[in-house]
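> Input file: my_file13.txt. Contents: compact mmCIF, C-alpha atoms.
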# COMPACT_ATOMS: atom_id res chain seq x y z
CA GLU P 191 -5.55 11.30 4.72
CA ASP P 192 -7.06 14.56 5.92
CA PHE P 193 -10.07 12.76 7.42
CA PHE P 194 -7.86 10.69 9.73
CA VAL P 195 -5.30 13.42 10.44
CA HIS P 196 -7.95 15.94 11.46
CA GLY P 197 -9.73 13.27 13.52
CA LEU P 198 -6.54 12.46 15.45
CA GLU P 199 -5.89 16.15 16.03
CA ARG P 200 -9.41 16.66 17.39
CA TRP P 201 -8.86 13.69 19.72
CA ARG P 202 -5.52 15.13 20.91
CA VAL P 203 -7.10 18.49 21.64
CA GLY P 204 -10.03 16.86 23.42
CA MET P 205 -7.70 14.74 25.57
CA LYS P 206 -5.52 17.80 26.33
CA ILE P 207 -2.30 16.05 25.29
CA PRO P 208 0.38 18.65 24.43
CA ARG P 209 2.82 16.17 22.85
CA MET P 210 2.66 12.44 22.22
CA ARG P 211 4.71 9.49 21.04
CA LEU P 212 2.98 8.26 17.91
CA VAL P 213 3.06 4.72 16.46
CA GLY P 214 1.42 3.62 13.22
CA HIS P 215 1.34 0.24 11.45
CA SER P 216 0.85 -0.43 7.72
CA LEU P 217 -1.76 2.05 6.45
CA GLY P 218 -1.65 3.55 9.94
CA GLY P 219 2.04 4.23 9.38
CA ILE P 220 1.19 6.43 6.40
CA LEU P 221 -1.43 8.26 8.43
CA ALA P 222 0.88 8.65 11.45
CA ALA P 223 3.59 10.11 9.19
CA SER P 224 1.05 12.43 7.61
CA TYR P 225 -0.07 13.65 11.04
CA ALA P 226 3.53 14.12 12.22
CA ALA P 227 4.37 16.13 9.11
CA ARG P 228 1.28 18.30 9.62
CA TYR P 229 1.63 18.76 13.39
CA PRO P 230 5.30 18.17 14.28
CA GLN P 231 4.99 20.34 17.37
CA HIS P 232 2.64 17.75 18.92
CA VAL P 233 4.74 14.63 18.25
CA SER P 234 7.80 13.95 20.41
CA ARG P 235 8.71 10.62 18.78
CA LEU P 236 7.43 8.78 15.72
CA CYS P 237 7.55 5.04 15.05
CA LEU P 238 6.35 3.56 11.74
CA ALA P 239 5.90 -0.21 12.07
CA SER P 240 6.06 -1.86 8.64
CA PRO P 241 4.44 1.16 6.99
CA ALA P 242 2.88 0.82 3.54
CA THR P 243 6.15 0.92 1.58
CA PRO P 244 6.13 -2.14 -0.73
CA PRO P 245 8.78 -2.71 -3.39
CA PRO P 246 8.38 -0.30 -6.33
CA HIS P 247 6.33 -1.57 -9.25
CA ASN P 248 5.25 -0.24 -12.64
CA LEU P 249 1.46 -0.06 -12.65
CA GLU P 250 1.30 0.60 -16.36
CA ALA P 251 3.28 -2.56 -17.06
CA VAL P 252 0.92 -4.48 -14.76
CA ARG P 253 -2.11 -3.16 -16.64
CA LYS P 254 -0.69 -4.47 -19.90
CA ARG P 255 -0.11 -7.99 -18.62
CA SER P 256 -3.68 -9.26 -18.99
CA THR P 257 -7.34 -8.37 -18.75
CA PHE P 258 -7.40 -9.94 -15.28
CA PHE P 259 -4.79 -7.54 -13.91
CA ARG P 260 -6.54 -4.58 -15.52
CA LEU P 261 -9.75 -5.71 -13.81
CA VAL P 262 -8.01 -6.01 -10.42
CA LEU P 263 -6.52 -2.52 -10.72
CA TRP P 264 -9.87 -1.11 -11.84
CA LEU P 265 -11.64 -2.72 -8.88
CA TRP P 266 -9.07 -1.25 -6.48
CA ASP P 267 -9.48 2.25 -7.90
CA PHE P 268 -13.25 1.74 -7.78
CA GLY P 269 -13.03 1.02 -4.04
CA ALA P 270 -13.16 -2.78 -3.82
CA THR P 271 -11.47 -4.18 -0.69
CA PRO P 272 -10.58 -7.58 0.80
CA GLN P 273 -13.19 -6.86 3.47
CA GLY P 274 -15.80 -6.47 0.76
CA LEU P 275 -14.93 -9.92 -0.60
CA MET P 276 -15.43 -11.32 2.90
CA ARG P 277 -18.93 -9.87 3.00
CA LEU P 278 -19.74 -11.34 -0.39
CA ALA P 279 -18.65 -14.77 0.86
CA GLY P 280 -21.63 -14.95 3.19
CA PRO P 281 -21.59 -18.10 5.37
CA LEU P 282 -18.18 -19.08 3.96
CA GLY P 283 -16.66 -15.96 5.54
CA PRO P 284 -15.70 -17.51 8.92
CA TYR P 285 -14.01 -20.45 7.18
CA MET P 286 -12.11 -18.10 4.85
CA ALA P 287 -10.91 -16.03 7.83
CA LEU P 288 -9.72 -19.13 9.70
CA ARG P 289 -7.91 -20.59 6.70
CA GLY P 290 -6.28 -17.24 6.04
CA CYS P 291 -5.01 -17.04 9.61
CA GLN P 292 -3.77 -20.63 9.52
CA ARG P 293 -1.78 -20.03 6.33
CA ARG P 294 -0.42 -16.72 7.60
CA PHE P 295 0.40 -17.37 11.24
CA LEU P 296 1.03 -21.07 11.81
CA ARG P 297 4.79 -21.37 12.13
CA ASP P 298 4.82 -25.16 12.38
CA ARG P 299 2.99 -26.33 9.26
CA GLU P 300 3.30 -29.96 10.40
CA ALA P 301 1.52 -29.43 13.70
CA HIS P 302 -1.88 -31.04 14.11
CA GLU P 303 -2.92 -28.63 16.84
CA GLU P 304 -3.13 -24.90 16.46
CA PRO P 305 -2.94 -22.23 19.16
CA THR P 306 -6.29 -21.43 20.75
CA ASP P 307 -5.84 -17.73 20.12
CA LEU P 308 -5.56 -18.33 16.37
CA ARG P 309 -9.24 -19.27 16.16
CA LEU P 310 -10.10 -16.29 18.35
CA LEU P 311 -8.12 -14.05 16.03
CA ALA P 312 -9.98 -15.48 13.02
CA LYS P 313 -13.29 -14.71 14.72
CA VAL P 314 -12.24 -11.16 15.51
CA LEU P 315 -11.08 -10.59 11.94
CA TYR P 316 -14.22 -12.05 10.45
CA HIS P 317 -16.62 -9.98 12.56
CA SER P 318 -14.52 -6.87 11.99
CA TRP P 319 -14.36 -7.37 8.23
CA ALA P 320 -17.95 -8.52 7.82
CA ALA P 321 -19.32 -5.43 9.61
CA ALA P 322 -20.37 -2.32 7.72
CA ALA P 323 -17.49 -0.70 5.85
CA SER P 324 -15.74 2.17 7.65
CA GLY P 325 -11.99 2.92 7.59
CA GLU P 326 -11.41 0.47 4.75
CA LYS P 327 -13.00 3.00 2.41
CA ALA P 328 -9.77 4.97 2.67
CA LEU P 329 -7.62 2.17 1.27
CA SER P 330 -7.92 3.09 -2.39
CA THR P 331 -7.79 6.83 -1.72
CA VAL P 332 -4.60 6.70 0.41
CA LEU P 333 -2.87 3.74 -1.24
CA GLN P 334 -2.16 2.87 -4.84
CA PRO P 335 -2.78 -0.68 -6.12
CA GLY P 336 0.04 -2.69 -4.61
CA GLY P 337 0.03 -0.80 -1.32
CA SER P 338 2.29 2.24 -1.76
CA ALA P 339 1.18 5.71 -0.68
CA ARG P 340 -0.39 7.85 -3.40
CA VAL P 341 1.41 10.85 -1.87
CA PRO P 342 5.03 9.70 -1.34
CA LEU P 343 6.40 9.92 2.19
CA GLU P 344 10.00 10.83 1.40
CA GLY P 345 9.63 14.52 0.59
CA ARG P 346 7.14 15.48 3.26
CA MET P 347 8.87 13.55 6.05
CA ALA P 348 12.28 15.00 5.16
CA ALA P 349 10.80 18.49 5.13
CA ALA P 350 8.51 18.48 8.15
CA CYS P 351 9.07 15.53 10.53
CA THR P 352 11.45 17.13 13.02
CA MET P 353 10.97 14.53 15.77
CA PRO P 354 13.20 11.43 16.20
CA THR P 355 11.76 8.78 13.89
CA THR P 356 12.14 5.00 13.76
CA PHE P 357 11.11 2.57 11.02
CA LEU P 358 10.48 -1.01 12.13
CA TYR P 359 10.26 -3.82 9.57
CA GLY P 360 9.92 -7.55 9.99
CA GLY P 361 13.22 -9.38 9.76
CA GLY P 362 11.42 -12.33 8.16
CA LYS P 363 8.89 -12.36 5.32
CA ASP P 364 7.67 -8.78 5.54
CA TRP P 365 6.14 -7.84 2.19
CA MET P 366 6.86 -4.20 2.93
CA ASP P 367 10.30 -3.21 1.68
CA PRO P 368 12.83 -1.93 4.26
CA ASN P 369 14.86 -0.50 1.41
CA GLN P 370 12.06 2.00 0.79
CA GLY P 371 12.26 2.96 4.47
CA ARG P 372 16.03 3.34 4.13
CA LEU P 373 15.55 5.79 1.26
CA ILE P 374 13.18 7.89 3.38
CA ALA P 375 15.56 7.72 6.37
CA ALA P 376 18.48 8.83 4.20
CA ALA P 377 16.48 11.80 2.91
CA MET P 378 15.57 12.76 6.48
CA ARG P 379 19.16 12.53 7.66
CA ARG P 380 20.33 14.67 4.72
CA SER P 381 17.97 17.37 5.94
CA GLY P 382 19.31 17.13 9.49
CA LYS P 383 16.61 14.88 10.96
CA GLN P 384 17.16 11.92 13.29
CA CYS P 385 15.92 8.65 11.78
CA HIS P 386 16.73 4.96 12.35
CA ILE P 387 15.63 1.62 10.89
CA ASN P 388 15.46 -1.67 12.79
CA LEU P 389 14.48 -5.18 11.69
CA VAL P 390 12.32 -7.12 14.16
CA GLY P 391 13.32 -10.73 14.71
CA LYS P 392 11.78 -13.16 12.22
CA ALA P 393 8.54 -11.24 11.97
CA GLY P 394 6.57 -10.54 8.83
CA HIS P 395 4.24 -7.61 8.20
CA GLN P 396 2.23 -8.26 11.37
CA LEU P 397 5.19 -7.57 13.65
CA PHE P 398 3.25 -7.63 16.90
CA LEU P 399 1.67 -11.03 16.11
CA ASP P 400 4.64 -12.70 14.44
CA ASP P 401 7.24 -11.94 17.11
CA PRO P 402 5.66 -10.09 20.06
CA PRO P 403 8.71 -10.02 22.39
CA ALA P 404 11.05 -8.70 19.70
CA PHE P 405 8.48 -6.14 18.57
CA VAL P 406 7.86 -4.84 22.09
CA SER P 407 11.61 -4.56 22.74
CA ALA P 408 12.16 -2.65 19.50
CA LEU P 409 9.19 -0.39 20.16
CA LEU P 410 10.37 0.46 23.68
CA VAL P 411 13.77 1.45 22.30
CA ALA P 412 12.14 3.57 19.60
CA MET P 413 9.86 5.33 22.08
CA ALA P 414 12.43 5.78 24.86
CA PRO P 415 13.00 9.40 25.89
CA PRO P 416 16.51 10.81 25.51
CA PRO P 417 18.83 10.43 28.53
CA ARG P 418 18.22 13.00 31.22
CA ALA P 419 20.84 15.68 31.64
CA PRO P 420 22.83 15.73 34.90
CA GLU P 421 21.17 17.65 37.72
CA GLY P 422 21.39 21.36 37.16
CA GLU P 423 21.86 21.11 33.40
CA GLY P 424 19.08 21.77 30.95
CA GLU P 425 16.81 23.40 33.52
CA GLU P 426 16.33 26.47 31.37
CA GLU P 427 15.22 24.37 28.39
CA GLU P 428 12.80 22.41 30.60
CA GLU P 429 11.28 25.63 31.92
CA GLU P 430 10.81 26.92 28.38
CA GLU P 431 9.16 23.63 27.39
CA GLU P 432 6.76 23.89 30.32
CA GLU P 433 5.87 27.44 29.28
CA ARG P 434 5.10 26.26 25.74
CA LYS P 435 2.82 23.54 27.14
When written as structure tokens, how does the structure in this file appear?

Amino acid sequence: EDFFVHGLERWRVGMKIPRMRLVGHSLGGILAASYAARYPQHVSRLCLASPATPPPHNLEAVRKRSTFFRLVLWLWDFGATPQGLMRLAGPLGPYMALRGCQRRFLRDREAHEEPTDLRLLAKVLYHSWAAAASGEKALSTVLQPGGSARVPLEGRMAAACTMPTTFLYGGGKDWMDPNQGRLIAAAMRRSGKQCHINLVGKAGHQLFLDDPPAFVSALLVAMAPPPRAPEGEGEEEEEEEEERK
């Protein structure tokens, strides 16, 4: 996590941004929360879109199920990734990417025609995944097998994330568990923090692709600044904020 958190902080300093509204999706949600907990003074609002919070599972029980599952868990801890499998597929990679997108994103399974942008998305994914490994190397160091954070979010967010925070989950087949987000939100509220959870339409994990209008609406609400005080009120606080900047 430190690699990404320090990189984002260097970018913020270089761009001369005193405070920002920060959004992170999936693994990016874990990293955004980590940054916000480390540098709360530089984050005015935080939105975690379907962050890596899958349903709880017992890894030891999974290891005992079969040799296959033990192999899968060992490969994950060793650093194997879905992107690596795409590279190993060679010329079959583009077909695998397209079939994966068709299974994941086609809402009308009976349709004979698919949206043009689906094939474009498959091409983008293939060329991104088939390229030399980069950020994917962090998957097994930040996430446990199954997708949950190796360093739980609940304690550090409740302790350090002082900014208004929103969790967004898909209202459809999102394999991330909103109940895990609710536990974190409850812990934050017990410590006096402001935190909300919203479900986005019929979206799954890829909120912005599954239901773009509903996702944009929910994101705008999450990122909206607080109502302005009537003229003449709050001027002293605004002046103090400008001095801090």
> Which residue gives the smallest distance to Thr331 of chain P among P:Asn388, P:Thr243, P:Asn369, P:Thr271, with only C-alpha atoms counted?
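Result for the nearest residue to Thr331 of chain P: P:Thr271.
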> Given only C-alpha atoms as the basis, pick out the residue of P:Trp201, P:Phe268, P:Tyr316, P:Phe194 nearest to Tyr225 of chain P.
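Nearest to Tyr225 of chain P: P:Phe194.
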> Do you have the atom CA of Arg346 of chain P-atom CA of Leu249 of chain P distance handy?
23.0 Å
> From the options P:Leu278, P:Ala320, P:Val233, P:Leu315, which residue's atoms come nearest to Gly290 of chain P, counting all atoms listed in the file?
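Answer, going by the shortest atom-to-atom distance: P:Leu315.
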> Take atom CA of Val213 of chain P and atom CA of Ser234 of chain P and report the distance between them in Å, one decimal.
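So the two atoms, atom CA of Val213 of chain P and atom CA of Ser234 of chain P, lie 11.1 Å apart.
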> Quick one: of P:Arg255, P:His247, P:Arg235, P:His386, who's nearest to Ser338 of chain P, counting only C-alpha atoms?
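Looking at the shortest contact to Ser338 of chain P, the residue is P:His247.
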> Expressed in Å to a single decimal, how great is the separation between atom CA of Met366 of chain P and atom CA of Gly394 of chain P?
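Interatomic distance here is 8.7 Å.
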> Identify which of the residues P:Ala312, P:Ala376, P:Leu275, P:Ala328 lies closest to Ala287 of chain P, counting all atoms listed in the file when measuring atom-to-atom distances.
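When distances to Ala287 of chain P are compared using all atoms listed in the file, the smallest one comes from P:Ala312.
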> What's the 12 Å shell around segment 382-385 of chain P, counting all atoms listed in the file, without same-chain residues fewer than 5 positions away, as a PyMOL selection string?
chain P and resi 234-238+347-358+371-377+412
> Selected residues, C-alpha atoms, written as a PDB file, in the coordinates of the input, please.

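Result written to selection_39.pdb:
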ATOM      1  CA  SER P 234       7.800  13.950  20.410  1.00  0.00           C
ATOM      2  CA  ARG P 235       8.710  10.620  18.780  1.00  0.00           C
ATOM      3  CA  LEU P 236       7.430   8.780  15.720  1.00  0.00           C
ATOM      4  CA  CYS P 237       7.550   5.040  15.050  1.00  0.00           C
ATOM      5  CA  LEU P 238       6.350   3.560  11.740  1.00  0.00           C
ATOM      6  CA  MET P 347       8.870  13.550   6.050  1.00  0.00           C
ATOM      7  CA  ALA P 348      12.280  15.000   5.160  1.00  0.00           C
ATOM      8  CA  ALA P 349      10.800  18.490   5.130  1.00  0.00           C
ATOM      9  CA  ALA P 350       8.510  18.480   8.150  1.00  0.00           C
ATOM     10  CA  CYS P 351       9.070  15.530  10.530  1.00  0.00           C
ATOM     11  CA  THR P 352      11.450  17.130  13.020  1.00  0.00           C
ATOM     12  CA  MET P 353      10.970  14.530  15.770  1.00  0.00           C
ATOM     13  CA  PRO P 354      13.200  11.430  16.200  1.00  0.00           C
ATOM     14  CA  THR P 355      11.760   8.780  13.890  1.00  0.00           C
ATOM     15  CA  THR P 356      12.140   5.000  13.760  1.00  0.00           C
ATOM     16  CA  PHE P 357      11.110   2.570  11.020  1.00  0.00           C
ATOM     17  CA  LEU P 358      10.480  -1.010  12.130  1.00  0.00           C
ATOM     18  CA  GLY P 371      12.260   2.960   4.470  1.00  0.00           C
ATOM     19  CA  ARG P 372      16.030   3.340   4.130  1.00  0.00           C
ATOM     20  CA  LEU P 373      15.550   5.790   1.260  1.00  0.00           C
ATOM     21  CA  ILE P 374      13.180   7.890   3.380  1.00  0.00           C
ATOM     22  CA  ALA P 375      15.560   7.720   6.370  1.00  0.00           C
ATOM     23  CA  ALA P 376      18.480   8.830   4.200  1.00  0.00           C
ATOM     24  CA  ALA P 377      16.480  11.800   2.910  1.00  0.00           C
ATOM     25  CA  ALA P 412      12.140   3.570  19.600  1.00  0.00           C
TER      26      ALA P 412
END
> Which residues are near His395 of chain P? Cut-off 10 Å, all atoms listed in the file, ignore same chain within fewer than 2 positions. Put them as a PyMOL selection string.
chain P and resi 215-216+239-242+358-367+393+397-400
> Would you list the contacts of Gly197 of chain P as a ChimeraX atom specification, taking every protein, DNA or RNA residue within 12 Å and counting all atoms listed in the file, but skipping same-chain residues closer than 5 positions in sequence?
/P:191-192,202-204,221-222,225
> Please produce an output containing C-alpha atoms for each residue in the selection, written as an mmCIF file, in the coordinates of the input.

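The resulting file, again_25.cif, is shown below:
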data_model
loop_
_atom_site.group_PDB
_atom_site.id
_atom_site.type_symbol
_atom_site.label_atom_id
_atom_site.label_comp_id
_atom_site.auth_asym_id
_atom_site.auth_seq_id
_atom_site.Cartn_x
_atom_site.Cartn_y
_atom_site.Cartn_z
ATOM 1 C CA GLU P 191 -5.550 11.300 4.720
ATOM 2 C CA ASP P 192 -7.060 14.560 5.920
ATOM 3 C CA ARG P 202 -5.520 15.130 20.910
ATOM 4 C CA VAL P 203 -7.100 18.490 21.640
ATOM 5 C CA GLY P 204 -10.030 16.860 23.420
ATOM 6 C CA LEU P 221 -1.430 8.260 8.430
ATOM 7 C CA ALA P 222 0.880 8.650 11.450
ATOM 8 C CA TYR P 225 -0.070 13.650 11.040
#
> Which residues are near Pro272 of chain P? Cut-off 12 Å, all atoms listed in the file, ignore same chain within fewer than 2 positions. Put them as a count of residues only.
25
> Check the smallest atom-to-atom distance from each of P:Tyr285, P:Phe295, P:Phe193, P:Phe258 to Gly325 of chain P using all atoms listed in the file, then report the winner.
P:Phe193
